[in-house]
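Presented below is the structure to which this report refers.
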Amino acid sequence: MSVNTQTSQLRAQFAAGLSRMYGSEVPAYDTLVEVSTRVNADYAATHDAAQRLGSLARVTAERHGAIRVGSAQELAQVADLFSAFGMYPVGYYDLREAASPVPVVSTAFRPIDQDELARNPFRVFTSMLASADERFFSADLRARVERFVGQRELFDPSLIAQARRIAAAGGCPDEEAGEFVDAAVSAFALSREPIDRSWYEELSAVSAVAADIAGVTSTHINHLTPRVLDIDALQQSMEARGITMIDHIQGPPRVDGPQVLLRQTSFRALAEPRRFRSASGTVTDGTLRVRFGEVEQRGVALTPLGRSRYDHAMAAPDPAAVWHEHFPATDAEMAAAGLAYYVDGDPARPVVYEDFLPASAAGIFRSNLDSDAAAARGGDATDYSQEWMAGQIGHHIHDPYDLYEKVASS
Ligand code: OOG
Ligand code: NI
């Protein structure tokens, strides 16, 4: 079999296809992309070192998506599907442990090599419902959630089989590419299938995220996030257009020195039309507000030492006020102190942070919900861990620090 379309090209087509679909579903997303593109062009035109964290072309094309699934089996299918796009699981995030807990455990699927990231850095934050956690789900509800999820089919088995073949071959013939990408994109469309109202409401009472995941028979893209070079400028432009953003930007504060890790902000999507089925079988039109718009700015990746400094700074009531006690003001000092990754230790070549932040993720999840589960009390009696997840999905879950280390010493 001749391989013509490479996995990196399939990934770029997949990201572009999802972007087109999501823009038609959530028009505010197209506005966000338009404003982001303008912010990036303006920033690049006025800052000499604008492209030190990635070319303007990469940054402007860059997106991350978020999806949510109901079981380890479904997560395993996602892992196989994404492997055809050269996207591999990196990192393990337990959002049940966040200050505002959400009943999911997550990983992010993304390219892991520097040249692959440069070709197209598309990544998808993927969460799995933690239905085994008794702090959120009674034994009875857990059994019903698992039965409901076990009976649905998110992906056509032939699509997953095709993905495995493509991953093994490193690509596919051109004539197969379009149809494969279209089928993968469609699997994440918002469904018009009527939702069982009483089941959805029962789950909503436990957690809005549980209802979004296990109250419906399909999965969908929850958001697609463009990357900007100046998130404060973006926030102001969006507000000027009358779009209300969440109260404050998640992640590190704006600082004078090197911007680290990841800053994110979001706005709530409008109510979207969905159909509901009542106990008597009548189907009516209704709305749900579960999807939203998000945007992010990426900075330099921190070493484990830098990360522990970051966690200390963020524990202060006003992180911006104490930032300088934890971080120096220049890349040269950051590199010399071993706080952040730079290629060959050269402060002109920062390694960009490619992952997520659990506190921000939980904050993003919750800030866009009307209500969610109360904080989980008591200890965690489940088996969930990175090793557990890797075993369930049959794929190695990469340690982000190993990957940064490799890039920095290349
Ligand atoms: C995922 C929330 C996390 C991020 O950017 O931190 C996330 C979700 O809402 O499903 O996307
Ligand atoms: Ni996100």
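In the structure tokens, chains take the letters A, B, ... in the order shown, each chain's residues start at 1, and ligands count up from 1 in the order shown.
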
Excluding same-chain residues fewer than 4 positions from His324 of chain A, what lies within 9 Å of it counting only C-alpha atoms, as a ChimeraX atom specification? /A:255,257,320,328-329

Can I get the selected residues back with N, CA and C atoms, as a PDB file, in the first residue's frame?
```
ATOM      1  N   VAL A 255       2.804  39.063  33.855  1.00  0.00           N
ATOM      2  CA  VAL A 255       4.016  39.486  34.565  1.00  0.00           C
ATOM      3  C   VAL A 255       4.930  40.247  33.609  1.00  0.00           C
ATOM      4  N   GLY A 257       8.271  39.787  33.500  1.00  0.00           N
ATOM      5  CA  GLY A 257       9.294  38.865  33.009  1.00  0.00           C
ATOM      6  C   GLY A 257       8.692  37.830  32.079  1.00  0.00           C
ATOM      7  N   ALA A 320       0.205  37.760  41.611  1.00  0.00           N
ATOM      8  CA  ALA A 320       0.979  38.786  40.884  1.00  0.00           C
ATOM      9  C   ALA A 320       1.878  39.570  41.852  1.00  0.00           C
ATOM     10  N   PRO A 328      12.643  35.057  38.587  1.00  0.00           N
ATOM     11  CA  PRO A 328      13.433  36.205  38.127  1.00  0.00           C
ATOM     12  C   PRO A 328      12.747  36.871  36.937  1.00  0.00           C
ATOM     13  N   ALA A 329      13.304  38.011  36.525  1.00  0.00           N
ATOM     14  CA  ALA A 329      12.645  38.841  35.516  1.00  0.00           C
ATOM     15  C   ALA A 329      13.118  38.596  34.091  1.00  0.00           C
TER      16      ALA A 329
END
```

What are the DSSP alpha helix (DSSP H) residues of segment 112-252 of chain A, as a PDB file with N, CA, C and O atoms, in the first residue's frame?
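See result03.pdb below for the written result:
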```pdb
ATOM      1  N   GLN A 114       9.067  17.477  18.288  1.00  0.00           N
ATOM      2  CA  GLN A 114       9.153  18.900  17.990  1.00  0.00           C
ATOM      3  C   GLN A 114       8.762  19.218  16.551  1.00  0.00           C
ATOM      4  O   GLN A 114       8.027  20.170  16.299  1.00  0.00           O
ATOM      5  N   ASP A 115       9.227  18.387  15.595  1.00  0.00           N
ATOM      6  CA  ASP A 115       8.893  18.697  14.195  1.00  0.00           C
ATOM      7  C   ASP A 115       7.412  18.444  13.913  1.00  0.00           C
ATOM      8  O   ASP A 115       6.788  19.147  13.128  1.00  0.00           O
ATOM      9  N   GLU A 116       6.845  17.459  14.600  1.00  0.00           N
ATOM     10  CA  GLU A 116       5.404  17.192  14.441  1.00  0.00           C
ATOM     11  C   GLU A 116       4.581  18.339  15.029  1.00  0.00           C
ATOM     12  O   GLU A 116       3.562  18.742  14.466  1.00  0.00           O
ATOM     13  N   LEU A 117       5.023  18.861  16.181  1.00  0.00           N
ATOM     14  CA  LEU A 117       4.334  20.012  16.785  1.00  0.00           C
ATOM     15  C   LEU A 117       4.407  21.212  15.850  1.00  0.00           C
ATOM     16  O   LEU A 117       3.446  21.970  15.703  1.00  0.00           O
ATOM     17  N   ALA A 118       5.559  21.365  15.192  1.00  0.00           N
ATOM     18  CA  ALA A 118       5.726  22.497  14.282  1.00  0.00           C
ATOM     19  C   ALA A 118       4.813  22.334  13.058  1.00  0.00           C
ATOM     20  O   ALA A 118       4.280  23.310  12.539  1.00  0.00           O
ATOM     21  N   ARG A 119       4.618  21.087  12.594  1.00  0.00           N
ATOM     22  CA  ARG A 119       3.748  20.870  11.422  1.00  0.00           C
ATOM     23  C   ARG A 119       2.314  21.202  11.756  1.00  0.00           C
ATOM     24  O   ARG A 119       1.626  21.874  10.999  1.00  0.00           O
ATOM     25  N   ALA A 139     -24.087   3.492  44.358  1.00  0.00           N
ATOM     26  CA  ALA A 139     -23.891   2.216  43.659  1.00  0.00           C
ATOM     27  C   ALA A 139     -24.973   2.029  42.597  1.00  0.00           C
ATOM     28  O   ALA A 139     -24.704   1.552  41.483  1.00  0.00           O
ATOM     29  N   ASP A 140     -26.186   2.427  42.932  1.00  0.00           N
ATOM     30  CA  ASP A 140     -27.305   2.258  42.000  1.00  0.00           C
ATOM     31  C   ASP A 140     -27.134   3.153  40.768  1.00  0.00           C
ATOM     32  O   ASP A 140     -27.278   2.703  39.631  1.00  0.00           O
ATOM     33  N   LEU A 141     -26.791   4.413  41.004  1.00  0.00           N
ATOM     34  CA  LEU A 141     -26.626   5.327  39.873  1.00  0.00           C
ATOM     35  C   LEU A 141     -25.438   4.899  39.013  1.00  0.00           C
ATOM     36  O   LEU A 141     -25.516   4.906  37.779  1.00  0.00           O
ATOM     37  N   ARG A 142     -24.368   4.497  39.670  1.00  0.00           N
ATOM     38  CA  ARG A 142     -23.188   4.035  38.935  1.00  0.00           C
ATOM     39  C   ARG A 142     -23.559   2.894  37.980  1.00  0.00           C
ATOM     40  O   ARG A 142     -23.167   2.893  36.813  1.00  0.00           O
ATOM     41  N   ALA A 143     -24.332   1.936  38.494  1.00  0.00           N
ATOM     42  CA  ALA A 143     -24.715   0.777  37.669  1.00  0.00           C
ATOM     43  C   ALA A 143     -25.526   1.243  36.462  1.00  0.00           C
ATOM     44  O   ALA A 143     -25.314   0.763  35.337  1.00  0.00           O
ATOM     45  N   ARG A 144     -26.421   2.202  36.677  1.00  0.00           N
ATOM     46  CA  ARG A 144     -27.243   2.669  35.551  1.00  0.00           C
ATOM     47  C   ARG A 144     -26.424   3.486  34.550  1.00  0.00           C
ATOM     48  O   ARG A 144     -26.625   3.393  33.345  1.00  0.00           O
ATOM     49  N   VAL A 145     -25.499   4.305  35.066  1.00  0.00           N
ATOM     50  CA  VAL A 145     -24.607   5.067  34.167  1.00  0.00           C
ATOM     51  C   VAL A 145     -23.793   4.086  33.315  1.00  0.00           C
ATOM     52  O   VAL A 145     -23.691   4.223  32.095  1.00  0.00           O
ATOM     53  N   GLU A 146     -23.240   3.058  33.963  1.00  0.00           N
ATOM     54  CA  GLU A 146     -22.363   2.138  33.232  1.00  0.00           C
ATOM     55  C   GLU A 146     -23.157   1.330  32.202  1.00  0.00           C
ATOM     56  O   GLU A 146     -22.663   1.045  31.114  1.00  0.00           O
ATOM     57  N   ARG A 147     -24.412   1.000  32.544  1.00  0.00           N
ATOM     58  CA  ARG A 147     -25.246   0.275  31.575  1.00  0.00           C
ATOM     59  C   ARG A 147     -25.552   1.179  30.380  1.00  0.00           C
ATOM     60  O   ARG A 147     -25.420   0.773  29.232  1.00  0.00           O
ATOM     61  N   PHE A 148     -25.935   2.422  30.661  1.00  0.00           N
ATOM     62  CA  PHE A 148     -26.284   3.369  29.583  1.00  0.00           C
ATOM     63  C   PHE A 148     -25.082   3.575  28.649  1.00  0.00           C
ATOM     64  O   PHE A 148     -25.189   3.484  27.422  1.00  0.00           O
ATOM     65  N   VAL A 149     -23.934   3.833  29.242  1.00  0.00           N
ATOM     66  CA  VAL A 149     -22.727   4.093  28.448  1.00  0.00           C
ATOM     67  C   VAL A 149     -22.302   2.820  27.694  1.00  0.00           C
ATOM     68  O   VAL A 149     -21.901   2.884  26.528  1.00  0.00           O
ATOM     69  N   GLY A 150     -22.441   1.666  28.369  1.00  0.00           N
ATOM     70  CA  GLY A 150     -22.052   0.394  27.744  1.00  0.00           C
ATOM     71  C   GLY A 150     -22.888   0.047  26.523  1.00  0.00           C
ATOM     72  O   GLY A 150     -22.436  -0.688  25.640  1.00  0.00           O
ATOM     73  N   GLN A 151     -24.112   0.572  26.481  1.00  0.00           N
ATOM     74  CA  GLN A 151     -25.002   0.232  25.361  1.00  0.00           C
ATOM     75  C   GLN A 151     -24.878   1.174  24.169  1.00  0.00           C
ATOM     76  O   GLN A 151     -25.377   0.876  23.094  1.00  0.00           O
ATOM     77  N   PRO A 157     -17.272   0.938  14.681  1.00  0.00           N
ATOM     78  CA  PRO A 157     -16.081   0.086  14.853  1.00  0.00           C
ATOM     79  C   PRO A 157     -15.176   0.065  13.621  1.00  0.00           C
ATOM     80  O   PRO A 157     -13.955  -0.066  13.748  1.00  0.00           O
ATOM     81  N   SER A 158     -15.764   0.242  12.426  1.00  0.00           N
ATOM     82  CA  SER A 158     -14.917   0.220  11.223  1.00  0.00           C
ATOM     83  C   SER A 158     -14.033   1.477  11.149  1.00  0.00           C
ATOM     84  O   SER A 158     -12.933   1.435  10.592  1.00  0.00           O
ATOM     85  N   LEU A 159     -14.514   2.593  11.743  1.00  0.00           N
ATOM     86  CA  LEU A 159     -13.691   3.817  11.785  1.00  0.00           C
ATOM     87  C   LEU A 159     -12.463   3.594  12.678  1.00  0.00           C
ATOM     88  O   LEU A 159     -11.340   3.986  12.337  1.00  0.00           O
ATOM     89  N   ILE A 160     -12.693   2.927  13.814  1.00  0.00           N
ATOM     90  CA  ILE A 160     -11.581   2.675  14.739  1.00  0.00           C
ATOM     91  C   ILE A 160     -10.587   1.688  14.114  1.00  0.00           C
ATOM     92  O   ILE A 160      -9.367   1.860  14.231  1.00  0.00           O
ATOM     93  N   ALA A 161     -11.111   0.686  13.410  1.00  0.00           N
ATOM     94  CA  ALA A 161     -10.228  -0.289  12.756  1.00  0.00           C
ATOM     95  C   ALA A 161      -9.381   0.406  11.680  1.00  0.00           C
ATOM     96  O   ALA A 161      -8.174   0.155  11.552  1.00  0.00           O
ATOM     97  N   GLN A 162     -10.025   1.292  10.933  1.00  0.00           N
ATOM     98  CA  GLN A 162      -9.315   2.045   9.893  1.00  0.00           C
ATOM     99  C   GLN A 162      -8.230   2.931  10.534  1.00  0.00           C
ATOM    100  O   GLN A 162      -7.113   3.024  10.016  1.00  0.00           O
ATOM    101  N   ALA A 163      -8.567   3.558  11.671  1.00  0.00           N
ATOM    102  CA  ALA A 163      -7.602   4.418  12.374  1.00  0.00           C
ATOM    103  C   ALA A 163      -6.380   3.609  12.791  1.00  0.00           C
ATOM    104  O   ALA A 163      -5.238   4.064  12.649  1.00  0.00           O
ATOM    105  N   ARG A 164      -6.606   2.410  13.279  1.00  0.00           N
ATOM    106  CA  ARG A 164      -5.475   1.568  13.707  1.00  0.00           C
ATOM    107  C   ARG A 164      -4.571   1.238  12.521  1.00  0.00           C
ATOM    108  O   ARG A 164      -3.348   1.260  12.637  1.00  0.00           O
ATOM    109  N   ARG A 165      -5.180   0.941  11.388  1.00  0.00           N
ATOM    110  CA  ARG A 165      -4.386   0.622  10.185  1.00  0.00           C
ATOM    111  C   ARG A 165      -3.571   1.835   9.753  1.00  0.00           C
ATOM    112  O   ARG A 165      -2.393   1.734   9.430  1.00  0.00           O
ATOM    113  N   ILE A 166      -4.215   3.005   9.766  1.00  0.00           N
ATOM    114  CA  ILE A 166      -3.529   4.224   9.335  1.00  0.00           C
ATOM    115  C   ILE A 166      -2.370   4.548  10.278  1.00  0.00           C
ATOM    116  O   ILE A 166      -1.270   4.903   9.844  1.00  0.00           O
ATOM    117  N   ALA A 167      -2.605   4.376  11.588  1.00  0.00           N
ATOM    118  CA  ALA A 167      -1.549   4.648  12.571  1.00  0.00           C
ATOM    119  C   ALA A 167      -0.360   3.727  12.325  1.00  0.00           C
ATOM    120  O   ALA A 167       0.795   4.160  12.343  1.00  0.00           O
ATOM    121  N   ALA A 168      -0.641   2.454  12.066  1.00  0.00           N
ATOM    122  CA  ALA A 168       0.444   1.489  11.859  1.00  0.00           C
ATOM    123  C   ALA A 168       1.234   1.810  10.598  1.00  0.00           C
ATOM    124  O   ALA A 168       2.446   1.632  10.545  1.00  0.00           O
ATOM    125  N   ALA A 169       0.532   2.312   9.555  1.00  0.00           N
ATOM    126  CA  ALA A 169       1.193   2.603   8.281  1.00  0.00           C
ATOM    127  C   ALA A 169       1.806   4.005   8.253  1.00  0.00           C
ATOM    128  O   ALA A 169       2.543   4.341   7.332  1.00  0.00           O
ATOM    129  N   ASP A 174      -4.075   9.043  -0.595  1.00  0.00           N
ATOM    130  CA  ASP A 174      -4.837  10.296  -0.682  1.00  0.00           C
ATOM    131  C   ASP A 174      -6.331  10.061  -0.819  1.00  0.00           C
ATOM    132  O   ASP A 174      -7.130  10.764  -0.210  1.00  0.00           O
ATOM    133  N   GLU A 175      -6.704   9.054  -1.622  1.00  0.00           N
ATOM    134  CA  GLU A 175      -8.136   8.867  -1.896  1.00  0.00           C
ATOM    135  C   GLU A 175      -8.908   8.403  -0.660  1.00  0.00           C
ATOM    136  O   GLU A 175     -10.117   8.514  -0.612  1.00  0.00           O
ATOM    137  N   GLU A 176      -8.179   7.905   0.359  1.00  0.00           N
ATOM    138  CA  GLU A 176      -8.859   7.458   1.578  1.00  0.00           C
ATOM    139  C   GLU A 176      -8.960   8.603   2.599  1.00  0.00           C
ATOM    140  O   GLU A 176      -9.824   8.603   3.482  1.00  0.00           O
ATOM    141  N   ALA A 177      -8.069   9.594   2.475  1.00  0.00           N
ATOM    142  CA  ALA A 177      -7.912  10.609   3.528  1.00  0.00           C
ATOM    143  C   ALA A 177      -9.175  11.425   3.795  1.00  0.00           C
ATOM    144  O   ALA A 177      -9.609  11.553   4.940  1.00  0.00           O
ATOM    145  N   GLY A 178      -9.775  11.955   2.723  1.00  0.00           N
ATOM    146  CA  GLY A 178     -10.916  12.851   2.895  1.00  0.00           C
ATOM    147  C   GLY A 178     -12.066  12.176   3.621  1.00  0.00           C
ATOM    148  O   GLY A 178     -12.629  12.724   4.579  1.00  0.00           O
ATOM    149  N   GLU A 179     -12.356  10.958   3.196  1.00  0.00           N
ATOM    150  CA  GLU A 179     -13.486  10.228   3.763  1.00  0.00           C
ATOM    151  C   GLU A 179     -13.201   9.865   5.228  1.00  0.00           C
ATOM    152  O   GLU A 179     -14.069   9.991   6.091  1.00  0.00           O
ATOM    153  N   PHE A 180     -11.965   9.484   5.516  1.00  0.00           N
ATOM    154  CA  PHE A 180     -11.597   9.133   6.895  1.00  0.00           C
ATOM    155  C   PHE A 180     -11.704  10.356   7.811  1.00  0.00           C
ATOM    156  O   PHE A 180     -12.295  10.295   8.893  1.00  0.00           O
ATOM    157  N   VAL A 181     -11.154  11.474   7.376  1.00  0.00           N
ATOM    158  CA  VAL A 181     -11.187  12.692   8.198  1.00  0.00           C
ATOM    159  C   VAL A 181     -12.633  13.141   8.408  1.00  0.00           C
ATOM    160  O   VAL A 181     -13.032  13.473   9.529  1.00  0.00           O
ATOM    161  N   ASP A 182     -13.437  13.114   7.351  1.00  0.00           N
ATOM    162  CA  ASP A 182     -14.847  13.525   7.484  1.00  0.00           C
ATOM    163  C   ASP A 182     -15.581  12.663   8.504  1.00  0.00           C
ATOM    164  O   ASP A 182     -16.353  13.163   9.319  1.00  0.00           O
ATOM    165  N   ALA A 183     -15.336  11.354   8.450  1.00  0.00           N
ATOM    166  CA  ALA A 183     -16.024  10.447   9.379  1.00  0.00           C
ATOM    167  C   ALA A 183     -15.570  10.726  10.816  1.00  0.00           C
ATOM    168  O   ALA A 183     -16.384  10.724  11.752  1.00  0.00           O
ATOM    169  N   ALA A 184     -14.277  10.999  10.997  1.00  0.00           N
ATOM    170  CA  ALA A 184     -13.766  11.292  12.348  1.00  0.00           C
ATOM    171  C   ALA A 184     -14.367  12.600  12.866  1.00  0.00           C
ATOM    172  O   ALA A 184     -14.790  12.688  14.019  1.00  0.00           O
ATOM    173  N   VAL A 185     -14.432  13.619  12.013  1.00  0.00           N
ATOM    174  CA  VAL A 185     -15.014  14.909  12.424  1.00  0.00           C
ATOM    175  C   VAL A 185     -16.477  14.723  12.819  1.00  0.00           C
ATOM    176  O   VAL A 185     -16.920  15.193  13.874  1.00  0.00           O
ATOM    177  N   SER A 186     -17.231  13.997  11.986  1.00  0.00           N
ATOM    178  CA  SER A 186     -18.676  13.814  12.235  1.00  0.00           C
ATOM    179  C   SER A 186     -18.960  13.143  13.563  1.00  0.00           C
ATOM    180  O   SER A 186     -20.022  13.358  14.154  1.00  0.00           O
ATOM    181  N   ARG A 197     -35.350  13.241  29.034  1.00  0.00           N
ATOM    182  CA  ARG A 197     -35.318  14.363  29.963  1.00  0.00           C
ATOM    183  C   ARG A 197     -35.122  13.945  31.424  1.00  0.00           C
ATOM    184  O   ARG A 197     -34.315  14.535  32.136  1.00  0.00           O
ATOM    185  N   SER A 198     -35.822  12.897  31.880  1.00  0.00           N
ATOM    186  CA  SER A 198     -35.727  12.565  33.312  1.00  0.00           C
ATOM    187  C   SER A 198     -34.337  12.012  33.648  1.00  0.00           C
ATOM    188  O   SER A 198     -33.779  12.297  34.705  1.00  0.00           O
ATOM    189  N   TRP A 199     -33.754  11.250  32.725  1.00  0.00           N
ATOM    190  CA  TRP A 199     -32.393  10.725  32.935  1.00  0.00           C
ATOM    191  C   TRP A 199     -31.379  11.874  32.979  1.00  0.00           C
ATOM    192  O   TRP A 199     -30.517  11.942  33.859  1.00  0.00           O
ATOM    193  N   TYR A 200     -31.527  12.812  32.043  1.00  0.00           N
ATOM    194  CA  TYR A 200     -30.602  13.952  31.987  1.00  0.00           C
ATOM    195  C   TYR A 200     -30.706  14.768  33.276  1.00  0.00           C
ATOM    196  O   TYR A 200     -29.702  15.183  33.851  1.00  0.00           O
ATOM    197  N   GLU A 201     -31.945  14.946  33.754  1.00  0.00           N
ATOM    198  CA  GLU A 201     -32.134  15.758  34.969  1.00  0.00           C
ATOM    199  C   GLU A 201     -31.620  15.039  36.216  1.00  0.00           C
ATOM    200  O   GLU A 201     -31.056  15.663  37.113  1.00  0.00           O
ATOM    201  N   GLU A 202     -31.794  13.727  36.251  1.00  0.00           N
ATOM    202  CA  GLU A 202     -31.289  12.973  37.408  1.00  0.00           C
ATOM    203  C   GLU A 202     -29.762  13.123  37.485  1.00  0.00           C
ATOM    204  O   GLU A 202     -29.196  13.360  38.556  1.00  0.00           O
ATOM    205  N   LEU A 203     -29.096  13.006  36.326  1.00  0.00           N
ATOM    206  CA  LEU A 203     -27.636  13.156  36.312  1.00  0.00           C
ATOM    207  C   LEU A 203     -27.213  14.591  36.608  1.00  0.00           C
ATOM    208  O   LEU A 203     -26.220  14.823  37.301  1.00  0.00           O
ATOM    209  N   SER A 204     -27.982  15.557  36.105  1.00  0.00           N
ATOM    210  CA  SER A 204     -27.640  16.973  36.358  1.00  0.00           C
ATOM    211  C   SER A 204     -27.620  17.280  37.848  1.00  0.00           C
ATOM    212  O   SER A 204     -26.840  18.123  38.298  1.00  0.00           O
ATOM    213  N   ALA A 205     -28.497  16.596  38.600  1.00  0.00           N
ATOM    214  CA  ALA A 205     -28.560  16.841  40.045  1.00  0.00           C
ATOM    215  C   ALA A 205     -27.261  16.394  40.721  1.00  0.00           C
ATOM    216  O   ALA A 205     -26.855  16.935  41.739  1.00  0.00           O
ATOM    217  N   VAL A 206     -26.588  15.400  40.127  1.00  0.00           N
ATOM    218  CA  VAL A 206     -25.301  14.935  40.664  1.00  0.00           C
ATOM    219  C   VAL A 206     -24.188  15.849  40.157  1.00  0.00           C
ATOM    220  O   VAL A 206     -23.339  16.312  40.920  1.00  0.00           O
ATOM    221  N   ALA A 208     -23.438  18.525  36.466  1.00  0.00           N
ATOM    222  CA  ALA A 208     -23.766  18.947  35.100  1.00  0.00           C
ATOM    223  C   ALA A 208     -22.839  18.261  34.095  1.00  0.00           C
ATOM    224  O   ALA A 208     -23.241  17.954  32.967  1.00  0.00           O
ATOM    225  N   VAL A 209     -21.606  18.002  34.509  1.00  0.00           N
ATOM    226  CA  VAL A 209     -20.658  17.334  33.620  1.00  0.00           C
ATOM    227  C   VAL A 209     -21.082  15.878  33.400  1.00  0.00           C
ATOM    228  O   VAL A 209     -21.014  15.346  32.289  1.00  0.00           O
ATOM    229  N   ALA A 210     -21.577  15.230  34.466  1.00  0.00           N
ATOM    230  CA  ALA A 210     -22.055  13.844  34.335  1.00  0.00           C
ATOM    231  C   ALA A 210     -23.215  13.788  33.347  1.00  0.00           C
ATOM    232  O   ALA A 210     -23.297  12.874  32.515  1.00  0.00           O
ATOM    233  N   ALA A 211     -24.114  14.763  33.405  1.00  0.00           N
ATOM    234  CA  ALA A 211     -25.254  14.777  32.479  1.00  0.00           C
ATOM    235  C   ALA A 211     -24.780  14.994  31.050  1.00  0.00           C
ATOM    236  O   ALA A 211     -25.240  14.331  30.117  1.00  0.00           O
ATOM    237  N   ASP A 212     -23.825  15.904  30.858  1.00  0.00           N
ATOM    238  CA  ASP A 212     -23.311  16.170  29.512  1.00  0.00           C
ATOM    239  C   ASP A 212     -22.650  14.923  28.932  1.00  0.00           C
ATOM    240  O   ASP A 212     -22.729  14.661  27.741  1.00  0.00           O
ATOM    241  N   ILE A 213     -21.999  14.140  29.800  1.00  0.00           N
ATOM    242  CA  ILE A 213     -21.286  12.953  29.321  1.00  0.00           C
ATOM    243  C   ILE A 213     -22.228  11.753  29.154  1.00  0.00           C
ATOM    244  O   ILE A 213     -22.261  11.124  28.099  1.00  0.00           O
ATOM    245  N   ALA A 214     -22.965  11.432  30.211  1.00  0.00           N
ATOM    246  CA  ALA A 214     -23.699  10.155  30.222  1.00  0.00           C
ATOM    247  C   ALA A 214     -25.203  10.329  30.046  1.00  0.00           C
ATOM    248  O   ALA A 214     -25.936   9.358  30.058  1.00  0.00           O
ATOM    249  N   ILE A 231      -3.258  37.647  25.619  1.00  0.00           N
ATOM    250  CA  ILE A 231      -4.609  37.286  26.053  1.00  0.00           C
ATOM    251  C   ILE A 231      -5.339  38.474  26.691  1.00  0.00           C
ATOM    252  O   ILE A 231      -6.567  38.552  26.633  1.00  0.00           O
ATOM    253  N   ASP A 232      -4.590  39.415  27.269  1.00  0.00           N
ATOM    254  CA  ASP A 232      -5.258  40.587  27.862  1.00  0.00           C
ATOM    255  C   ASP A 232      -5.880  41.445  26.757  1.00  0.00           C
ATOM    256  O   ASP A 232      -7.008  41.919  26.899  1.00  0.00           O
ATOM    257  N   ALA A 233      -5.149  41.599  25.643  1.00  0.00           N
ATOM    258  CA  ALA A 233      -5.676  42.361  24.510  1.00  0.00           C
ATOM    259  C   ALA A 233      -6.911  41.665  23.941  1.00  0.00           C
ATOM    260  O   ALA A 233      -7.897  42.301  23.575  1.00  0.00           O
ATOM    261  N   LEU A 234      -6.844  40.334  23.881  1.00  0.00           N
ATOM    262  CA  LEU A 234      -7.986  39.555  23.374  1.00  0.00           C
ATOM    263  C   LEU A 234      -9.212  39.761  24.258  1.00  0.00           C
ATOM    264  O   LEU A 234     -10.316  40.025  23.772  1.00  0.00           O
ATOM    265  N   GLN A 235      -8.995  39.670  25.561  1.00  0.00           N
ATOM    266  CA  GLN A 235     -10.104  39.802  26.521  1.00  0.00           C
ATOM    267  C   GLN A 235     -10.782  41.174  26.324  1.00  0.00           C
ATOM    268  O   GLN A 235     -12.004  41.265  26.284  1.00  0.00           O
ATOM    269  N   GLN A 236      -9.960  42.217  26.163  1.00  0.00           N
ATOM    270  CA  GLN A 236     -10.527  43.556  25.968  1.00  0.00           C
ATOM    271  C   GLN A 236     -11.303  43.666  24.659  1.00  0.00           C
ATOM    272  O   GLN A 236     -12.394  44.227  24.628  1.00  0.00           O
ATOM    273  N   SER A 237     -10.763  43.090  23.573  1.00  0.00           N
ATOM    274  CA  SER A 237     -11.465  43.161  22.277  1.00  0.00           C
ATOM    275  C   SER A 237     -12.800  42.442  22.326  1.00  0.00           C
ATOM    276  O   SER A 237     -13.770  42.913  21.745  1.00  0.00           O
ATOM    277  N   MET A 238     -12.827  41.302  23.000  1.00  0.00           N
ATOM    278  CA  MET A 238     -14.077  40.540  23.065  1.00  0.00           C
ATOM    279  C   MET A 238     -15.108  41.310  23.878  1.00  0.00           C
ATOM    280  O   MET A 238     -16.277  41.391  23.495  1.00  0.00           O
ATOM    281  N   GLU A 239     -14.677  41.879  25.016  1.00  0.00           N
ATOM    282  CA  GLU A 239     -15.604  42.643  25.858  1.00  0.00           C
ATOM    283  C   GLU A 239     -16.138  43.846  25.062  1.00  0.00           C
ATOM    284  O   GLU A 239     -17.313  44.183  25.161  1.00  0.00           O
ATOM    285  N   ALA A 240     -15.245  44.461  24.268  1.00  0.00           N
ATOM    286  CA  ALA A 240     -15.666  45.617  23.466  1.00  0.00           C
ATOM    287  C   ALA A 240     -16.732  45.213  22.444  1.00  0.00           C
ATOM    288  O   ALA A 240     -17.532  46.027  22.019  1.00  0.00           O
TER     289      ALA A 240
END
```

To one decimal place in Å, what is the distance between atom CA of Pro273 of chain A and atom CA of Ser131 of chain A?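 Rounded to one decimal, the two atoms are 27.4 Å apart.
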
So what do you get for atom CA of Ser36 of chain A versus atom CA of Gln51 of chain A, distance-wise?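 Spanning atom CA of Ser36 of chain A to atom CA of Gln51 of chain A is a straight-line distance of 15.3 Å.
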
Write out as a list in words each polymer residue (protein, DNA or RNA) that has an atom no more than 9 Å from ligand 2, with only C-alpha atoms and all ligand atoms counted.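 So the residues close to ligand 2 are His64, Gly65, Ala66, Val124, Phe125, Asn222, His223, Leu224, Thr225, Gln264, Ser266, Gly293, Glu294, Val295, Glu296, Phe356, Ser360, Ala361, Ile364 and Phe365 of chain A.
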